[in-house]
Amino acid sequence: MTDPMNPWVSRPAFTPAPETQNPSPDVPTLSGPIAPQHGIPVPDRVDQLPTLQHPMSSELWWVGTHGGAGETSLAGLVPGWAAASHGWPQVPSSTLRSRVVLVCRSNVSGLRSAQAAAQQWAAGMVPFADVLGLVVVADAPGRLPKPLRELVQLVGGGVPRLWTVPWIESWRLGGSFSLPDAPRDVRQLVDDLRANLR
């Protein structure tokens with residue numbers, strides 16, 4: 001008899017982990033925890049995002065983990081997806097959970113704020129929110145230095161999915177936020193999220 005939950009009972013030679021299974025080519029692969037975990041330490045109060053009451057629900061909430069993260073620009077791409085500013089969105093219904101994507105910039109302070117938000121979620125402090133992943137928006141043109149690339153991977157390992165958005169000069173200059181004009185990485189992000197929301 002095999003038991004996939006007990007490592008001391010024999011099992012088949014290969015059993016894919018639930019987090020790495022990809023049941024449909026349209027659904028992005030999970031790369032981190034999908035729910036809060038027991039034993040995760042609570043971040044310092046000063047590093048926690050507040051809970052913000054919203055009168056109406058949204059299909060998807062973009063939560064900037066710090067000022068200037070880019071959640072408002074991303075929210076402008078898809079009608080029905082809203083920027084929750086810099087706090088966990090809670091709606092009046094006690095049964096409706098908010099589906100959230102965290103957003104930060106790719107600098108050290110942005111990534112550290114995203115890490116604290118992911119830790120806050122993982123510690124079970126926001127039971128009304130389901131975190132779908134993290135979007136790291138480039139803070140400057142060009143390739144990230146190695147220490148920042150490593151920090152992105154570390155922080156991204158604390159949430160179900162990780163996406164990166166390149167530097168978009170037109171957004172910096174107040175240009176259009178329309179999806180057809182967005183870079184391929186941004187369009188792929190939206191496609192991944194739409195598949196996940198089905």
# chains A, B, ... in the order shown; residues from 1 in each chain; ligands from 1
>>> select_by_dssp(residues="chain A", states="alpha helix (DSSP H)", output="number ranges by chain")
A: 71-75, 108-122, 146-156, 169-172, 184-197
>>> write_last_selection(atoms="C-alpha atoms", output="mmCIF file, in the first residue's frame")
data_model
loop_
_atom_site.group_PDB
_atom_site.id
_atom_site.type_symbol
_atom_site.label_atom_id
_atom_site.label_comp_id
_atom_site.auth_asym_id
_atom_site.auth_seq_id
_atom_site.Cartn_x
_atom_site.Cartn_y
_atom_site.Cartn_z
ATOM 1 C CA GLU A 71 -0.605 48.473 -8.766
ATOM 2 C CA THR A 72 -2.592 51.383 -10.230
ATOM 3 C CA SER A 73 -0.954 50.960 -13.654
ATOM 4 C CA LEU A 74 -1.693 47.231 -13.609
ATOM 5 C CA ALA A 75 -5.289 47.806 -12.488
ATOM 6 C CA VAL A 108 15.738 46.130 -2.121
ATOM 7 C CA SER A 109 13.166 48.161 -0.176
ATOM 8 C CA GLY A 110 10.354 47.117 -2.534
ATOM 9 C CA LEU A 111 11.289 43.452 -2.329
ATOM 10 C CA ARG A 112 11.603 43.595 1.464
ATOM 11 C CA SER A 113 8.113 45.114 1.720
ATOM 12 C CA ALA A 114 6.765 42.311 -0.496
ATOM 13 C CA GLN A 115 8.515 39.771 1.710
ATOM 14 C CA ALA A 116 6.838 41.240 4.808
ATOM 15 C CA ALA A 117 3.422 41.173 3.084
ATOM 16 C CA ALA A 118 3.938 37.553 2.002
ATOM 17 C CA GLN A 119 4.966 36.679 5.551
ATOM 18 C CA GLN A 120 1.878 38.438 6.933
ATOM 19 C CA TRP A 121 -0.325 36.328 4.635
ATOM 20 C CA ALA A 122 1.610 33.112 5.314
ATOM 21 C CA LYS A 146 22.702 39.368 -9.327
ATOM 22 C CA PRO A 147 21.946 40.182 -5.653
ATOM 23 C CA LEU A 148 18.544 41.599 -6.655
ATOM 24 C CA ARG A 149 17.784 38.630 -8.935
ATOM 25 C CA GLU A 150 18.517 36.314 -6.006
ATOM 26 C CA LEU A 151 16.325 38.381 -3.689
ATOM 27 C CA VAL A 152 13.466 38.255 -6.232
ATOM 28 C CA GLN A 153 13.684 34.446 -6.251
ATOM 29 C CA LEU A 154 13.828 34.284 -2.456
ATOM 30 C CA VAL A 155 10.793 36.526 -1.962
ATOM 31 C CA GLY A 156 8.909 34.862 -4.835
ATOM 32 C CA GLU A 169 9.215 53.915 -20.211
ATOM 33 C CA SER A 170 5.808 55.017 -21.521
ATOM 34 C CA TRP A 171 4.228 54.242 -18.115
ATOM 35 C CA ARG A 172 6.837 56.416 -16.428
ATOM 36 C CA ARG A 184 4.454 40.782 -24.029
ATOM 37 C CA ASP A 185 5.391 39.991 -20.393
ATOM 38 C CA VAL A 186 2.460 42.091 -19.162
ATOM 39 C CA ARG A 187 0.014 40.466 -21.588
ATOM 40 C CA GLN A 188 1.259 37.025 -20.466
ATOM 41 C CA LEU A 189 0.739 38.021 -16.823
ATOM 42 C CA VAL A 190 -2.867 38.975 -17.566
ATOM 43 C CA ASP A 191 -3.419 35.722 -19.486
ATOM 44 C CA ASP A 192 -1.992 33.700 -16.579
ATOM 45 C CA LEU A 193 -4.232 35.452 -14.082
ATOM 46 C CA ARG A 194 -7.336 35.044 -16.241
ATOM 47 C CA ALA A 195 -6.609 31.313 -16.466
ATOM 48 C CA ASN A 196 -6.149 31.125 -12.705
ATOM 49 C CA LEU A 197 -9.405 32.972 -12.002
#
>>> select_by_dssp(residues="chain A", states="strand (DSSP E)", output="MDAnalysis selection string")
chainID A and resid 51:53 60:64 81:83 88:90 98:105 129:137 162:165
>>> residues_around(residues="stretch 48-53 of chain A", least_positions_apart="2", cutoff="7 Å", atoms="only C-alpha atoms", output="list in words")
Pro43, Asp44, Arg45, Val46, Pro55, His86, Gly87, Trp88, Pro89, Gln90, Val91, Ala116, Ala117 and Gln120 of chain A
>>> write_last_selection(atoms="C-alpha atoms", output="PDB file, in the first residue's frame")
ATOM      1  CA  PRO A  43       6.281  40.380  10.760  1.00  0.00           C
ATOM      2  CA  ASP A  44       6.857  43.424  12.957  1.00  0.00           C
ATOM      3  CA  ARG A  45       3.784  45.621  13.223  1.00  0.00           C
ATOM      4  CA  VAL A  46       5.512  48.479  11.424  1.00  0.00           C
ATOM      5  CA  PRO A  55     -17.644  48.715  -0.169  1.00  0.00           C
ATOM      6  CA  HIS A  86      -1.348  49.600   0.029  1.00  0.00           C
ATOM      7  CA  GLY A  87      -3.501  47.385   2.194  1.00  0.00           C
ATOM      8  CA  TRP A  88      -5.370  44.093   2.296  1.00  0.00           C
ATOM      9  CA  PRO A  89      -8.824  44.535   0.707  1.00  0.00           C
ATOM     10  CA  GLN A  90     -11.729  43.359   2.822  1.00  0.00           C
ATOM     11  CA  VAL A  91     -15.293  43.527   1.526  1.00  0.00           C
ATOM     12  CA  ALA A 116       6.838  41.240   4.808  1.00  0.00           C
ATOM     13  CA  ALA A 117       3.422  41.173   3.084  1.00  0.00           C
ATOM     14  CA  GLN A 120       1.878  38.438   6.933  1.00  0.00           C
TER      15      GLN A 120
END
>>> residues_around(residues="A:Trp81", least_positions_apart="5", cutoff="9 Å", atoms="only C-alpha atoms", output="PyMOL selection string")
chain A and resi 58-62+74-76
>>> write_last_selection(atoms="N, CA and C atoms", output="compact mmCIF listing (two decimals), in the first residue's frame")
# COMPACT_ATOMS: atom_id res chain seq x y z
N SER A 58 -14.14 42.93 -5.98
CA SER A 58 -13.48 42.97 -7.27
C SER A 58 -13.09 41.54 -7.63
N GLU A 59 -13.07 41.24 -8.91
CA GLU A 59 -12.66 39.91 -9.33
C GLU A 59 -11.22 39.64 -8.90
N LEU A 60 -10.39 40.70 -8.97
CA LEU A 60 -8.99 40.59 -8.60
C LEU A 60 -8.53 41.92 -8.02
N TRP A 61 -7.72 41.84 -6.96
CA TRP A 61 -7.17 43.04 -6.33
C TRP A 61 -5.66 43.08 -6.52
N TRP A 62 -5.14 44.22 -6.94
CA TRP A 62 -3.70 44.46 -7.00
C TRP A 62 -3.34 45.20 -5.71
N LEU A 74 -1.22 48.57 -13.27
CA LEU A 74 -1.69 47.23 -13.61
C LEU A 74 -3.21 47.15 -13.55
N ALA A 75 -3.83 47.83 -12.60
CA ALA A 75 -5.29 47.81 -12.49
C ALA A 75 -5.95 48.45 -13.70
N GLY A 76 -5.26 49.38 -14.35
CA GLY A 76 -5.82 50.03 -15.53
C GLY A 76 -5.88 49.15 -16.76
>>> atom_distance(atom1="atom CA of A:Gly80", atom2="atom CA of A:Leu162")
21.7 Å
>>> closest_residue(among="A:Leu132, A:Leu173, A:Ala83, A:Val63", to="A:Ala35", atoms="only C-alpha atoms")
A:Leu132
>>> decode(residues="stretch 89-117 of chain A", atoms="C-alpha atoms", output="PDB file, in the first residue's frame")
ATOM      1  CA  PRO A  89      -8.824  44.535   0.707  1.00  0.00           C
ATOM      2  CA  GLN A  90     -11.729  43.359   2.822  1.00  0.00           C
ATOM      3  CA  VAL A  91     -15.293  43.527   1.526  1.00  0.00           C
ATOM      4  CA  PRO A  92     -18.489  43.574   3.646  1.00  0.00           C
ATOM      5  CA  SER A  93     -19.492  39.981   2.865  1.00  0.00           C
ATOM      6  CA  SER A  94     -18.208  37.582   5.500  1.00  0.00           C
ATOM      7  CA  THR A  95     -18.128  34.729   2.980  1.00  0.00           C
ATOM      8  CA  LEU A  96     -16.436  36.494   0.038  1.00  0.00           C
ATOM      9  CA  ARG A  97     -12.674  36.158  -0.040  1.00  0.00           C
ATOM     10  CA  SER A  98     -10.514  38.736  -1.814  1.00  0.00           C
ATOM     11  CA  ARG A  99      -8.229  37.349  -4.521  1.00  0.00           C
ATOM     12  CA  VAL A 100      -5.002  39.324  -4.318  1.00  0.00           C
ATOM     13  CA  VAL A 101      -1.836  39.811  -6.334  1.00  0.00           C
ATOM     14  CA  LEU A 102       0.960  41.568  -4.466  1.00  0.00           C
ATOM     15  CA  VAL A 103       2.944  44.177  -6.422  1.00  0.00           C
ATOM     16  CA  CYS A 104       6.373  45.647  -5.650  1.00  0.00           C
ATOM     17  CA  ARG A 105       9.326  47.288  -7.364  1.00  0.00           C
ATOM     18  CA  SER A 106      12.538  45.363  -7.969  1.00  0.00           C
ATOM     19  CA  ASN A 107      14.704  47.388  -5.580  1.00  0.00           C
ATOM     20  CA  VAL A 108      15.738  46.130  -2.121  1.00  0.00           C
ATOM     21  CA  SER A 109      13.166  48.161  -0.176  1.00  0.00           C
ATOM     22  CA  GLY A 110      10.354  47.117  -2.534  1.00  0.00           C
ATOM     23  CA  LEU A 111      11.289  43.452  -2.329  1.00  0.00           C
ATOM     24  CA  ARG A 112      11.603  43.595   1.464  1.00  0.00           C
ATOM     25  CA  SER A 113       8.113  45.114   1.720  1.00  0.00           C
ATOM     26  CA  ALA A 114       6.765  42.311  -0.496  1.00  0.00           C
ATOM     27  CA  GLN A 115       8.515  39.771   1.710  1.00  0.00           C
ATOM     28  CA  ALA A 116       6.838  41.240   4.808  1.00  0.00           C
ATOM     29  CA  ALA A 117       3.422  41.173   3.084  1.00  0.00           C
TER      30      ALA A 117
END
